[in-house]
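Text of data-v4.pdb (PDB, C-alpha atoms (C1' of nucleotides)) as supplied:
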MODEL        1
ATOM      1  CA  MET A   5       0.000   0.000   0.000
ATOM      2  CA  ASN A   6       1.115   3.490  -0.772
ATOM      3  CA  ILE A   7       0.443   6.381   1.544
ATOM      4  CA  SER A   8      -2.787   7.508  -0.122
ATOM      5  CA  ASP A   9      -4.221   4.001   0.121
ATOM      6  CA  VAL A  10      -3.580   3.760   3.819
ATOM      7  CA  ALA A  11      -4.813   7.329   4.203
ATOM      8  CA  LYS A  12      -8.132   6.306   2.697
ATOM      9  CA  ARG A  13      -8.347   3.209   4.858
ATOM     10  CA  THR A  14      -7.562   4.971   8.119
ATOM     11  CA  GLY A  15      -9.125   8.338   7.417
ATOM     12  CA  LEU A  16      -5.864  10.038   8.357
ATOM     13  CA  PRO A  17      -4.392  12.621   5.951
ATOM     14  CA  PRO A  18      -1.098  11.644   4.300
ATOM     15  CA  LYS A  19       0.538  14.613   6.030
ATOM     16  CA  THR A  20      -0.448  13.231   9.403
ATOM     17  CA  ILE A  21       0.849   9.781   8.534
ATOM     18  CA  ARG A  22       4.203  11.216   7.500
ATOM     19  CA  TYR A  23       4.256  13.197  10.723
ATOM     20  CA  TYR A  24       3.600  10.048  12.759
ATOM     21  CA  GLU A  25       6.557   8.409  11.074
ATOM     22  CA  ASP A  26       8.643  11.511  11.733
ATOM     23  CA  ILE A  27       8.033  11.305  15.460
ATOM     24  CA  GLY A  28       8.563   7.564  15.512
ATOM     25  CA  LEU A  29       5.038   6.235  16.015
ATOM     26  CA  ILE A  30       5.274   4.019  12.938
ATOM     27  CA  ARG A  31       8.117   2.721  10.780
ATOM     28  CA  PRO A  32       6.796   1.825   7.356
ATOM     29  CA  ALA A  33       9.137   0.036   4.949
ATOM     30  CA  ARG A  34      10.396   1.742   1.789
ATOM     31  CA  ASP A  35      10.285   0.716  -1.829
ATOM     32  CA  THR A  36      13.383   1.027  -3.961
ATOM     33  CA  ASN A  37      11.991   4.247  -5.370
ATOM     34  CA  GLY A  38      11.782   5.733  -1.891
ATOM     35  CA  TYR A  39       8.018   5.444  -1.562
ATOM     36  CA  ARG A  40       6.664   4.299   1.796
ATOM     37  CA  ARG A  41       5.247   0.783   1.589
ATOM     38  CA  PHE A  42       2.642   0.137   4.293
ATOM     39  CA  GLN A  43       1.972  -3.347   5.609
ATOM     40  CA  GLU A  44      -1.227  -4.476   7.300
ATOM     41  CA  THR A  45       0.380  -3.930  10.695
ATOM     42  CA  ASP A  46       1.142  -0.317   9.776
ATOM     43  CA  ALA A  47      -2.442   0.278   8.704
ATOM     44  CA  HIS A  48      -3.628  -1.333  11.903
ATOM     45  CA  LYS A  49      -1.402   0.845  14.059
ATOM     46  CA  LEU A  50      -2.528   3.950  12.226
ATOM     47  CA  ALA A  51      -6.169   3.050  12.778
ATOM     48  CA  PHE A  52      -5.369   2.533  16.455
ATOM     49  CA  LEU A  53      -3.733   5.931  16.597
ATOM     50  CA  GLY A  54      -6.636   7.542  14.789
ATOM     51  CA  ARG A  55      -9.099   6.189  17.331
ATOM     52  CA  ALA A  56      -6.927   7.161  20.276
ATOM     53  CA  ARG A  57      -6.569  10.684  18.898
ATOM     54  CA  ALA A  58     -10.332  10.832  18.325
ATOM     55  CA  LEU A  59     -10.741  10.156  22.048
ATOM     56  CA  GLY A  60      -8.514  13.157  22.673
ATOM     57  CA  PHE A  61      -5.391  11.329  23.838
ATOM     58  CA  SER A  62      -2.207  13.320  23.326
ATOM     59  CA  ILE A  63       0.453  12.039  20.981
ATOM     60  CA  GLU A  64       2.578  11.039  23.962
ATOM     61  CA  ASP A  65      -0.359   9.150  25.446
ATOM     62  CA  CYS A  66      -0.821   7.472  22.079
ATOM     63  CA  ARG A  67       2.813   6.451  22.094
ATOM     64  CA  THR A  68       2.351   4.941  25.538
ATOM     65  CA  LEU A  69      -0.896   3.195  24.591
ATOM     66  CA  LEU A  70       0.629   1.768  21.442
ATOM     67  CA  ALA A  71       3.586   0.438  23.426
ATOM     68  CA  LEU A  72       1.224  -1.145  25.949
ATOM     69  CA  TYR A  73      -0.833  -2.582  23.133
ATOM     70  CA  GLU A  74       2.224  -4.286  21.721
ATOM     71  CA  ASP A  75       3.441  -5.476  25.088
ATOM     72  CA  GLU A  76       1.836  -8.834  25.764
ATOM     73  CA  THR A  77       2.968  -8.688  29.379
ATOM     74  CA  ARG A  78       1.315  -5.355  30.119
ATOM     75  CA  ALA A  79      -0.834  -4.778  33.174
ATOM     76  CA  SER A  80      -4.274  -3.417  32.352
ATOM     77  CA  ALA A  81      -3.768  -1.119  35.343
ATOM     78  CA  ASP A  82      -1.212   0.846  33.312
ATOM     79  CA  VAL A  83      -3.667   1.348  30.480
ATOM     80  CA  LYS A  84      -6.417   2.289  32.897
ATOM     81  CA  ARG A  85      -4.245   4.883  34.592
ATOM     82  CA  VAL A  86      -3.498   6.621  31.291
ATOM     83  CA  ALA A  87      -7.187   6.624  30.405
ATOM     84  CA  GLN A  88      -8.244   7.871  33.837
ATOM     85  CA  ASP A  89      -5.730  10.701  33.824
ATOM     86  CA  HIS A  90      -6.945  11.741  30.414
ATOM     87  CA  LEU A  91     -10.556  11.488  31.512
ATOM     88  CA  LYS A  92      -9.776  13.774  34.414
ATOM     89  CA  GLN A  93      -8.307  16.355  32.030
ATOM     90  CA  ILE A  94     -11.396  16.191  29.872
ATOM     91  CA  GLU A  95     -13.660  16.653  32.863
ATOM     92  CA  ASP A  96     -11.647  19.683  33.979
ATOM     93  CA  LYS A  97     -11.870  21.166  30.510
ATOM     94  CA  LEU A  98     -15.595  20.450  30.402
ATOM     95  CA  ALA A  99     -16.149  22.275  33.668
ATOM     96  CA  GLN A 100     -14.215  25.264  32.378
ATOM     97  CA  LEU A 101     -16.122  25.354  29.095
ATOM     98  CA  GLU A 102     -19.456  24.927  30.856
ATOM     99  CA  SER A 103     -18.679  27.899  33.029
ATOM    100  CA  MET A 104     -17.829  29.964  29.951
ATOM    101  CA  ARG A 105     -20.958  28.774  28.220
ATOM    102  CA  ASP A 106     -23.163  29.701  31.163
ATOM    103  CA  THR A 107     -21.729  33.192  31.431
ATOM    104  CA  LEU A 108     -21.885  33.744  27.684
ATOM    105  CA  THR A 109     -25.396  32.401  27.377
ATOM    106  CA  HIS A 110     -26.534  34.796  30.052
ATOM    107  CA  LEU A 111     -24.760  37.770  28.474
ATOM    108  CA  VAL A 112     -25.991  37.005  24.971
ATOM    109  CA  HIS A 113     -29.495  36.695  26.324
ATOM    110  CA  GLU A 114     -29.241  40.085  27.994
ATOM    111  CA  CYS A 115     -27.977  41.867  24.901
ATOM    112  CA  ALA A 116     -30.606  43.511  22.714
ATOM    113  CA  GLY A 117     -28.544  42.991  19.578
ATOM    114  CA  ASP A 118     -29.918  46.017  17.813
ATOM    115  CA  SER A 119     -28.432  49.192  16.352
ATOM    116  CA  ARG A 120     -28.009  50.949  19.697
ATOM    117  CA  PRO A 121     -24.580  51.038  21.349
ATOM    118  CA  ASP A 122     -25.742  50.019  24.807
ATOM    119  CA  CYS A 123     -24.456  46.508  25.458
ATOM    120  CA  PRO A 124     -24.368  44.392  28.629
ATOM    121  CA  ILE A 125     -21.685  42.158  27.143
ATOM    122  CA  LEU A 126     -19.221  45.016  26.863
ATOM    123  CA  LYS A 127     -20.369  46.327  30.215
ATOM    124  CA  ASP A 128     -19.514  43.034  31.817
ATOM    125  CA  LEU A 129     -16.102  42.871  30.175
ATOM    126  CA  ALA A 130     -15.340  46.430  31.253
ATOM    127  CA  LYS A 131     -16.702  46.161  34.777
ATOM    128  CA  GLU A 132     -14.592  47.958  37.385
TER     129      GLU A 132
ATOM    130  CA  MET B   8       2.756  52.263  36.635
ATOM    131  CA  ASN B   9       5.452  49.877  35.539
ATOM    132  CA  ILE B  10       4.682  46.551  33.961
ATOM    133  CA  SER B  11       4.799  44.512  37.163
ATOM    134  CA  ASP B  12       2.328  46.883  38.829
ATOM    135  CA  VAL B  13      -0.189  46.549  36.051
ATOM    136  CA  ALA B  14       0.500  42.822  35.972
ATOM    137  CA  LYS B  15      -0.488  42.565  39.629
ATOM    138  CA  ARG B  16      -3.577  44.671  39.083
ATOM    139  CA  THR B  17      -4.828  42.771  36.060
ATOM    140  CA  GLY B  18      -3.578  39.314  36.930
ATOM    141  CA  LEU B  19      -1.891  39.080  33.529
ATOM    142  CA  PRO B  20       1.777  38.022  33.395
ATOM    143  CA  PRO B  21       4.241  40.688  32.180
ATOM    144  CA  LYS B  22       5.061  38.445  29.231
ATOM    145  CA  THR B  23       1.451  38.487  28.147
ATOM    146  CA  ILE B  24       1.231  42.246  28.488
ATOM    147  CA  ARG B  25       4.320  42.721  26.312
ATOM    148  CA  TYR B  26       2.821  40.313  23.821
ATOM    149  CA  TYR B  27      -0.404  42.298  23.717
ATOM    150  CA  GLU B  28       1.599  45.404  22.932
ATOM    151  CA  ASP B  29       3.522  43.494  20.286
ATOM    152  CA  ILE B  30       0.362  42.570  18.437
ATOM    153  CA  GLY B  31      -1.094  46.034  18.809
ATOM    154  CA  LEU B  32      -3.816  45.497  21.413
ATOM    155  CA  ILE B  33      -2.408  48.213  23.667
ATOM    156  CA  ARG B  34       0.019  51.102  23.194
ATOM    157  CA  PRO B  35       1.521  52.051  26.536
ATOM    158  CA  ALA B  36       3.697  55.185  26.723
ATOM    159  CA  ARG B  37       7.410  54.946  27.400
ATOM    160  CA  ASP B  38       9.581  56.605  30.002
ATOM    161  CA  THR B  39      12.873  58.195  28.982
ATOM    162  CA  ASN B  40      14.661  55.050  30.194
ATOM    163  CA  GLY B  41      12.629  52.910  27.811
ATOM    164  CA  TYR B  42      10.366  51.410  30.464
ATOM    165  CA  ARG B  43       6.694  51.072  29.614
ATOM    166  CA  ARG B  44       4.563  53.550  31.576
ATOM    167  CA  PHE B  45       0.968  52.358  31.923
ATOM    168  CA  GLN B  46      -1.899  54.783  32.349
ATOM    169  CA  GLU B  47      -5.257  53.977  33.884
ATOM    170  CA  THR B  48      -6.723  53.453  30.429
ATOM    171  CA  ASP B  49      -4.054  50.863  29.668
ATOM    172  CA  ALA B  50      -4.776  48.989  32.879
ATOM    173  CA  HIS B  51      -8.462  49.164  32.088
ATOM    174  CA  LYS B  52      -7.978  47.764  28.606
ATOM    175  CA  LEU B  53      -5.791  44.975  29.927
ATOM    176  CA  ALA B  54      -8.412  44.025  32.485
ATOM    177  CA  PHE B  55     -10.973  44.014  29.682
ATOM    178  CA  LEU B  56      -8.739  41.731  27.637
ATOM    179  CA  GLY B  57      -8.133  39.464  30.593
ATOM    180  CA  ARG B  58     -11.854  38.972  31.125
ATOM    181  CA  ALA B  59     -12.526  38.431  27.438
ATOM    182  CA  ARG B  60      -9.743  35.833  27.285
ATOM    183  CA  ALA B  61     -11.141  34.177  30.420
ATOM    184  CA  LEU B  62     -14.400  33.741  28.520
ATOM    185  CA  GLY B  63     -12.402  31.990  25.833
ATOM    186  CA  PHE B  64     -12.531  34.682  23.142
ATOM    187  CA  SER B  65      -9.674  34.466  20.664
ATOM    188  CA  ILE B  66      -7.173  37.281  20.437
ATOM    189  CA  GLU B  67      -8.776  38.427  17.191
ATOM    190  CA  ASP B  68     -12.192  38.432  18.850
ATOM    191  CA  CYS B  69     -10.670  40.444  21.686
ATOM    192  CA  ARG B  70      -9.328  42.939  19.184
ATOM    193  CA  THR B  71     -12.789  43.279  17.673
ATOM    194  CA  LEU B  72     -14.483  43.558  21.062
ATOM    195  CA  LEU B  73     -12.023  46.197  22.220
ATOM    196  CA  ALA B  74     -12.607  48.203  19.058
ATOM    197  CA  LEU B  75     -16.361  47.962  19.566
ATOM    198  CA  TYR B  76     -15.947  48.947  23.195
ATOM    199  CA  GLU B  77     -14.122  52.090  22.160
ATOM    200  CA  ASP B  78     -16.544  52.916  19.382
ATOM    201  CA  GLU B  79     -19.358  54.988  20.878
ATOM    202  CA  THR B  80     -21.393  54.527  17.711
ATOM    203  CA  ARG B  81     -21.282  50.721  17.760
ATOM    204  CA  ALA B  82     -24.370  48.613  17.311
ATOM    205  CA  SER B  83     -24.859  46.084  20.101
ATOM    206  CA  ALA B  84     -25.809  43.639  17.354
ATOM    207  CA  ASP B  85     -22.152  43.525  16.309
ATOM    208  CA  VAL B  86     -21.059  42.648  19.819
ATOM    209  CA  LYS B  87     -23.787  40.071  20.140
ATOM    210  CA  ARG B  88     -22.808  38.386  16.898
ATOM    211  CA  VAL B  89     -19.215  37.951  18.046
ATOM    212  CA  ALA B  90     -20.414  36.517  21.350
ATOM    213  CA  GLN B  91     -22.930  34.214  19.711
ATOM    214  CA  ASP B  92     -20.406  32.855  17.236
ATOM    215  CA  HIS B  93     -18.023  32.169  20.071
ATOM    216  CA  LEU B  94     -20.755  30.561  22.130
ATOM    217  CA  LYS B  95     -21.519  28.278  19.224
ATOM    218  CA  GLN B  96     -17.873  27.192  19.070
ATOM    219  CA  ILE B  97     -17.891  26.461  22.777
ATOM    220  CA  GLU B  98     -21.062  24.407  22.482
ATOM    221  CA  ASP B  99     -19.557  22.408  19.623
ATOM    222  CA  LYS B 100     -16.440  21.775  21.664
ATOM    223  CA  LEU B 101     -18.549  20.790  24.645
ATOM    224  CA  ALA B 102     -20.468  18.253  22.621
ATOM    225  CA  GLN B 103     -17.236  16.777  21.340
ATOM    226  CA  LEU B 104     -15.701  16.557  24.805
ATOM    227  CA  GLU B 105     -18.868  15.092  26.281
ATOM    228  CA  SER B 106     -18.818  12.366  23.680
ATOM    229  CA  MET B 107     -15.183  11.607  24.525
ATOM    230  CA  ARG B 108     -15.980  11.632  28.217
ATOM    231  CA  ASP B 109     -18.871   9.213  27.798
ATOM    232  CA  THR B 110     -16.820   6.759  25.784
ATOM    233  CA  LEU B 111     -13.859   7.006  28.128
ATOM    234  CA  THR B 112     -15.988   6.691  31.234
ATOM    235  CA  HIS B 113     -17.498   3.536  29.858
ATOM    236  CA  LEU B 114     -14.138   2.057  28.881
ATOM    237  CA  VAL B 115     -12.464   2.928  32.168
ATOM    238  CA  HIS B 116     -15.360   1.347  33.993
ATOM    239  CA  GLU B 117     -14.984  -1.843  31.979
ATOM    240  CA  CYS B 118     -11.257  -2.160  32.585
ATOM    241  CA  ALA B 119     -10.228  -4.287  35.544
ATOM    242  CA  GLY B 120      -7.087  -2.238  36.111
ATOM    243  CA  ASP B 121      -5.117  -5.109  37.565
ATOM    244  CA  SER B 122      -1.888  -6.885  36.685
ATOM    245  CA  ARG B 123      -3.397  -8.951  33.864
ATOM    246  CA  PRO B 124      -2.881  -7.870  30.251
ATOM    247  CA  ASP B 125      -6.494  -8.235  29.146
ATOM    248  CA  CYS B 126      -7.868  -4.748  28.571
ATOM    249  CA  PRO B 127     -11.136  -3.563  26.975
ATOM    250  CA  ILE B 128      -9.654  -0.089  26.428
ATOM    251  CA  LEU B 129      -6.953  -1.424  24.139
ATOM    252  CA  LYS B 130      -9.450  -3.794  22.587
ATOM    253  CA  ASP B 131     -11.658  -0.891  21.666
ATOM    254  CA  LEU B 132      -8.806   1.117  20.203
ATOM    255  CA  ALA B 133      -7.704  -1.876  18.163
ATOM    256  CA  LYS B 134     -11.173  -3.011  17.093
ATOM    257  CA  GLU B 135     -11.619  -4.346  13.545
TER     258      GLU B 135
ATOM    259  C1'  DC C   6      30.636  50.329  44.601
ATOM    260  C1'  DT C   7      28.107  46.500  44.638
ATOM    261  C1'  DT C   8      24.002  43.943  45.067
ATOM    262  C1'  DG C   9      19.621  42.633  43.700
ATOM    263  C1'  DA C  10      15.334  43.609  41.745
ATOM    264  C1'  DC C  11      13.545  45.607  38.126
ATOM    265  C1'  DC C  12      13.200  46.488  33.075
ATOM    266  C1'  DT C  13      14.406  45.834  27.911
ATOM    267  C1'  DT C  14      14.785  43.052  23.404
ATOM    268  C1'  DC C  15      15.423  38.851  21.001
ATOM    269  C1'  DC C  16      15.066  34.090  19.914
ATOM    270  C1'  DC C  17      13.435  29.416  20.613
ATOM    271  C1'  DG C  18       9.927  26.031  21.951
ATOM    272  C1'  DT C  19       5.202  24.427  22.681
ATOM    273  C1'  DG C  20       1.151  20.513  20.040
ATOM    274  C1'  DA C  21      -0.230  18.456  16.315
ATOM    275  C1'  DC C  22      -0.424  19.202  12.541
ATOM    276  C1'  DT C  23      -1.268  22.037   7.609
ATOM    277  C1'  DG C  24       0.202  24.525   3.390
ATOM    278  C1'  DG C  25       3.314  25.184   0.008
ATOM    279  C1'  DA C  26       7.595  24.912  -2.700
ATOM    280  C1'  DA C  27      10.746  22.252  -5.252
ATOM    281  C1'  DC C  28      11.665  18.117  -6.989
ATOM    282  C1'  DC C  29      11.382  12.754  -8.270
ATOM    283  C1'  DC C  30       8.577   8.653 -10.225
ATOM    284  C1'  DC C  31       5.415   6.290 -13.212
ATOM    285  C1'  DT C  32       2.066   5.652 -16.755
ATOM    286  C1'  DA C  33      -0.388   7.070 -20.760
ATOM    287  C1'  DT C  34      -0.894   9.606 -24.745
ATOM    288  C1'  DC C  35       0.485  12.380 -28.883
TER     289       DC C  35
ATOM    290  C1'  DG D  11      10.773  11.358 -27.554
ATOM    291  C1'  DA D  12       8.169  14.933 -25.393
ATOM    292  C1'  DT D  13       4.627  15.891 -22.420
ATOM    293  C1'  DA D  14       0.866  15.858 -19.173
ATOM    294  C1'  DG D  15      -1.056  14.152 -15.062
ATOM    295  C1'  DG D  16      -1.228  12.199 -10.808
ATOM    296  C1'  DG D  17       1.272   9.933  -7.629
ATOM    297  C1'  DG D  18       5.274  10.292  -4.294
ATOM    298  C1'  DT D  19       9.447  12.684  -1.580
ATOM    299  C1'  DT D  20      11.817  16.296   1.500
ATOM    300  C1'  DC D  21      12.096  20.542   3.854
ATOM    301  C1'  DC D  22      10.591  25.047   5.536
ATOM    302  C1'  DA D  23       7.242  28.089   7.417
ATOM    303  C1'  DG D  24       3.036  29.043   9.829
ATOM    304  C1'  DT D  25      -0.632  28.169  13.204
ATOM    305  C1'  DC D  26      -2.233  30.063  18.569
ATOM    306  C1'  DA D  27      -1.108  32.513  22.609
ATOM    307  C1'  DC D  28       1.987  32.761  24.948
ATOM    308  C1'  DG D  29       6.409  30.976  28.302
ATOM    309  C1'  DG D  30      11.451  30.252  29.160
ATOM    310  C1'  DG D  31      15.707  31.971  29.119
ATOM    311  C1'  DA D  32      19.757  34.719  27.577
ATOM    312  C1'  DA D  33      22.148  39.081  27.345
ATOM    313  C1'  DG D  34      22.172  43.388  28.824
ATOM    314  C1'  DG D  35      20.401  48.326  30.612
ATOM    315  C1'  DT D  36      18.323  50.892  35.011
ATOM    316  C1'  DC D  37      17.461  52.019  39.612
ATOM    317  C1'  DA D  38      17.301  52.280  44.781
ATOM    318  C1'  DA D  39      19.460  50.659  48.980
ATOM    319  C1'  DG D  40      23.282  49.544  51.882
TER     320       DG D  40
ENDMDL
END
Kindly return the structure encoded in the file as structure tokens.
Amino acid sequence: MNISDVAKRTGLPPKTIRYYEDIGLIRPARDTNGYRRFQETDAHKLAFLGRARALGFSIEDCRTLLALYEDETRASADVKRVAQDHLKQIEDKLAQLESMRDTLTHLVHECAGDSRPDCPILKDLAKE
Amino acid sequence: MNISDVAKRTGLPPKTIRYYEDIGLIRPARDTNGYRRFQETDAHKLAFLGRARALGFSIEDCRTLLALYEDETRASADVKRVAQDHLKQIEDKLAQLESMRDTLTHLVHECAGDSRPDCPILKDLAKE
DNA sequence: CTTGACCTTCCCGTGACTGGAACCCCTATC
DNA sequence: GATAGGGGTTCCAGTCACGGGAAGGTCAAG
């Protein structure tokens, strides 16, 4: 498989796949002409990475998860810890965004949104 | 006021304040020794920017909001549009994070987290 | 006069890519 | 054989909103 084939199969852009090789997440073989030649295992790893990234794991987390995946002697506790830490981060971010959303929703609701200059949104931002 | 004074008052790090000058959000005066000399209006603008950033507005949104704030002939509709667009982005992000959280919560719950290698988290990432 | 706390500018690094330039490879067609 | 096109390759720069750190000027106190 060439890079565009595996890109189609995994849904990852070719640029991203090259980047993942760059940072050592995958090591596809090369043809004599210099083209990357992807094996099934490469496609499989890339799909794994795509799903991990879709769950918001950082690249470094992905590296760890991939290593655990390939380590038959892993402890599931190690995987769980990575996932729990990440989940915690997401929950923190959610709380922060919810707070922003609540404030913004309130402000937007208060604002007339007409041609007059008077605006509670700006008033709030400029308070004190 | 020197930069550390206004930093204390606004809660913004000096680095951030210099950056805001760099990109043209503020234009503090200078003393003969080259030090920035902040007026009340500068401190006020910085506080405004700090609150806008705390609500998650991008720097470019902040620039727009500041311009609207200083324009006595603004229409509140323009402010409202910026806020609504931003609110939409936040809601999209929230939905995305909630979906991640739900999946992760489920997976973490399924995982024994012991010394055995069997792990539903990895299984899910590697599915297919 | 020295010390230490300020201040200045400048450059590099962050995360995870994306865009673009410049160039090579392969096949098909004129 | 020339050419057109659609692959592929590398490398460099840019994104966003700063933060770290170096090298050096300024100022008040002891």
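Shell of A:Met5 at 7 Å, with all atoms listed in the file counted and residues fewer than 4 places along the chain excluded, is Asp9, Val10, Arg41, Phe42 and Gln43 of chain A.
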Please, could you write that set of residues out with C-alpha atoms as an mmCIF file, in the coordinates of the input?
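Everything below was put into result-v9.cif:
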data_model
loop_
_atom_site.group_PDB
_atom_site.id
_atom_site.type_symbol
_atom_site.label_atom_id
_atom_site.label_comp_id
_atom_site.auth_asym_id
_atom_site.auth_seq_id
_atom_site.Cartn_x
_atom_site.Cartn_y
_atom_site.Cartn_z
ATOM 1 C CA ASP A 9 -4.221 4.001 0.121
ATOM 2 C CA VAL A 10 -3.580 3.760 3.819
ATOM 3 C CA ARG A 41 5.247 0.783 1.589
ATOM 4 C CA PHE A 42 2.642 0.137 4.293
ATOM 5 C CA GLN A 43 1.972 -3.347 5.609
#
Practice prompt. Give the residues of chain C that lie within 12 Å of chain B; count all atoms listed in the file, and format the answer as a VMD selection string.
Written response: chain C and resid 10 to 14
Item to complete: Could you check how far atom CA of A:Leu59 sits from atom CA of B:Met107, in Å to one decimal?
Response: 5.3 Å
Can you write out as JSON lines which residues of chain B fall within 9 Å of chain D, alongside each residue's closest atom pair and its distance in Å to one decimal, counting all atoms listed in the file and ordering rows by chain and ascending residue number?
{"residue": "B:Lys22", "atom": "CA", "partner": "D:DG29", "partner_atom": "C1'", "distance": 7.6}
{"residue": "B:Thr23", "atom": "CA", "partner": "D:DC28", "partner_atom": "C1'", "distance": 6.6}
{"residue": "B:Tyr26", "atom": "CA", "partner": "D:DC28", "partner_atom": "C1'", "distance": 7.7}
{"residue": "B:Asn40", "atom": "CA", "partner": "D:DT36", "partner_atom": "C1'", "distance": 7.3}
{"residue": "B:Ser65", "atom": "CA", "partner": "D:DC26", "partner_atom": "C1'", "distance": 8.9}
{"residue": "B:Ile66", "atom": "CA", "partner": "D:DA27", "partner_atom": "C1'", "distance": 8.0}
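Of the listed residues A:Ile94, A:Ala71, A:Ala99, A:Ala81, the one whose atoms come nearest to chain B is A:Ala81, with distances taken using all atoms listed in the file.
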Practice prompt. Mind giving me the straight-line distance from atom CA of B:Ala133 to atom CA of A:Phe61 in Å, one decimal?
Written response: 14.6 Å
Fill in: Selection under test: the PyMOL selection byres ((chain A and resi 113-123) around 7); residues as an MDAnalysis selection string
(chainID A and resid 109:112 124:127) or (chainID B and resid 79:84 87)
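Take atom CA of A:His90 and atom CA of A:Arg55: the distance between them is 14.4 Å.
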Reconstruct N, CA and C atoms of stretch 46-65 of chain A; output as a short mmCIF file (atom, residue, chain, number, x, y, z; two decimals), in the coordinates of the input.
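This went into selection.cif:
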data_model
loop_
_atom_site.label_atom_id
_atom_site.label_comp_id
_atom_site.auth_asym_id
_atom_site.auth_seq_id
_atom_site.Cartn_x
_atom_site.Cartn_y
_atom_site.Cartn_z
N ASP A 46 1.06 -1.78 9.77
CA ASP A 46 1.14 -0.32 9.78
C ASP A 46 -0.25 0.30 9.72
N ALA A 47 -1.08 -0.24 8.83
CA ALA A 47 -2.44 0.28 8.70
C ALA A 47 -3.20 0.09 10.02
N HIS A 48 -2.97 -1.03 10.64
CA HIS A 48 -3.63 -1.33 11.90
C HIS A 48 -3.20 -0.35 13.00
N LYS A 49 -1.91 -0.12 13.08
CA LYS A 49 -1.40 0.84 14.06
C LYS A 49 -1.96 2.24 13.81
N LEU A 50 -2.02 2.61 12.56
CA LEU A 50 -2.53 3.95 12.23
C LEU A 50 -4.00 4.08 12.60
N ALA A 51 -4.76 3.02 12.38
CA ALA A 51 -6.17 3.05 12.78
C ALA A 51 -6.28 3.18 14.30
N PHE A 52 -5.43 2.45 14.99
CA PHE A 52 -5.37 2.53 16.45
C PHE A 52 -5.09 3.97 16.89
N LEU A 53 -4.09 4.55 16.27
CA LEU A 53 -3.73 5.93 16.60
C LEU A 53 -4.88 6.89 16.29
N GLY A 54 -5.51 6.69 15.16
CA GLY A 54 -6.64 7.54 14.79
C GLY A 54 -7.74 7.50 15.84
N ARG A 55 -8.03 6.30 16.32
CA ARG A 55 -9.10 6.19 17.33
C ARG A 55 -8.67 6.78 18.66
N ALA A 56 -7.41 6.57 19.02
CA ALA A 56 -6.93 7.16 20.28
C ALA A 56 -6.96 8.68 20.20
N ARG A 57 -6.54 9.22 19.08
CA ARG A 57 -6.57 10.68 18.90
C ARG A 57 -8.01 11.19 18.92
N ALA A 58 -8.93 10.42 18.34
CA ALA A 58 -10.33 10.83 18.32
C ALA A 58 -10.90 10.87 19.74
N LEU A 59 -10.31 10.09 20.65
CA LEU A 59 -10.74 10.16 22.05
C LEU A 59 -9.99 11.24 22.80
N GLY A 60 -9.16 11.99 22.07
CA GLY A 60 -8.51 13.16 22.67
C GLY A 60 -7.18 12.87 23.33
N PHE A 61 -6.70 11.63 23.24
CA PHE A 61 -5.39 11.33 23.84
C PHE A 61 -4.30 12.13 23.13
N SER A 62 -3.33 12.61 23.90
CA SER A 62 -2.21 13.32 23.33
C SER A 62 -1.33 12.34 22.56
N ILE A 63 -0.47 12.89 21.73
CA ILE A 63 0.45 12.04 20.98
C ILE A 63 1.31 11.20 21.93
N GLU A 64 1.75 11.79 23.01
CA GLU A 64 2.58 11.04 23.96
C GLU A 64 1.77 9.93 24.62
N ASP A 65 0.53 10.21 24.94
CA ASP A 65 -0.36 9.15 25.45
C ASP A 65 -0.50 8.05 24.40
#
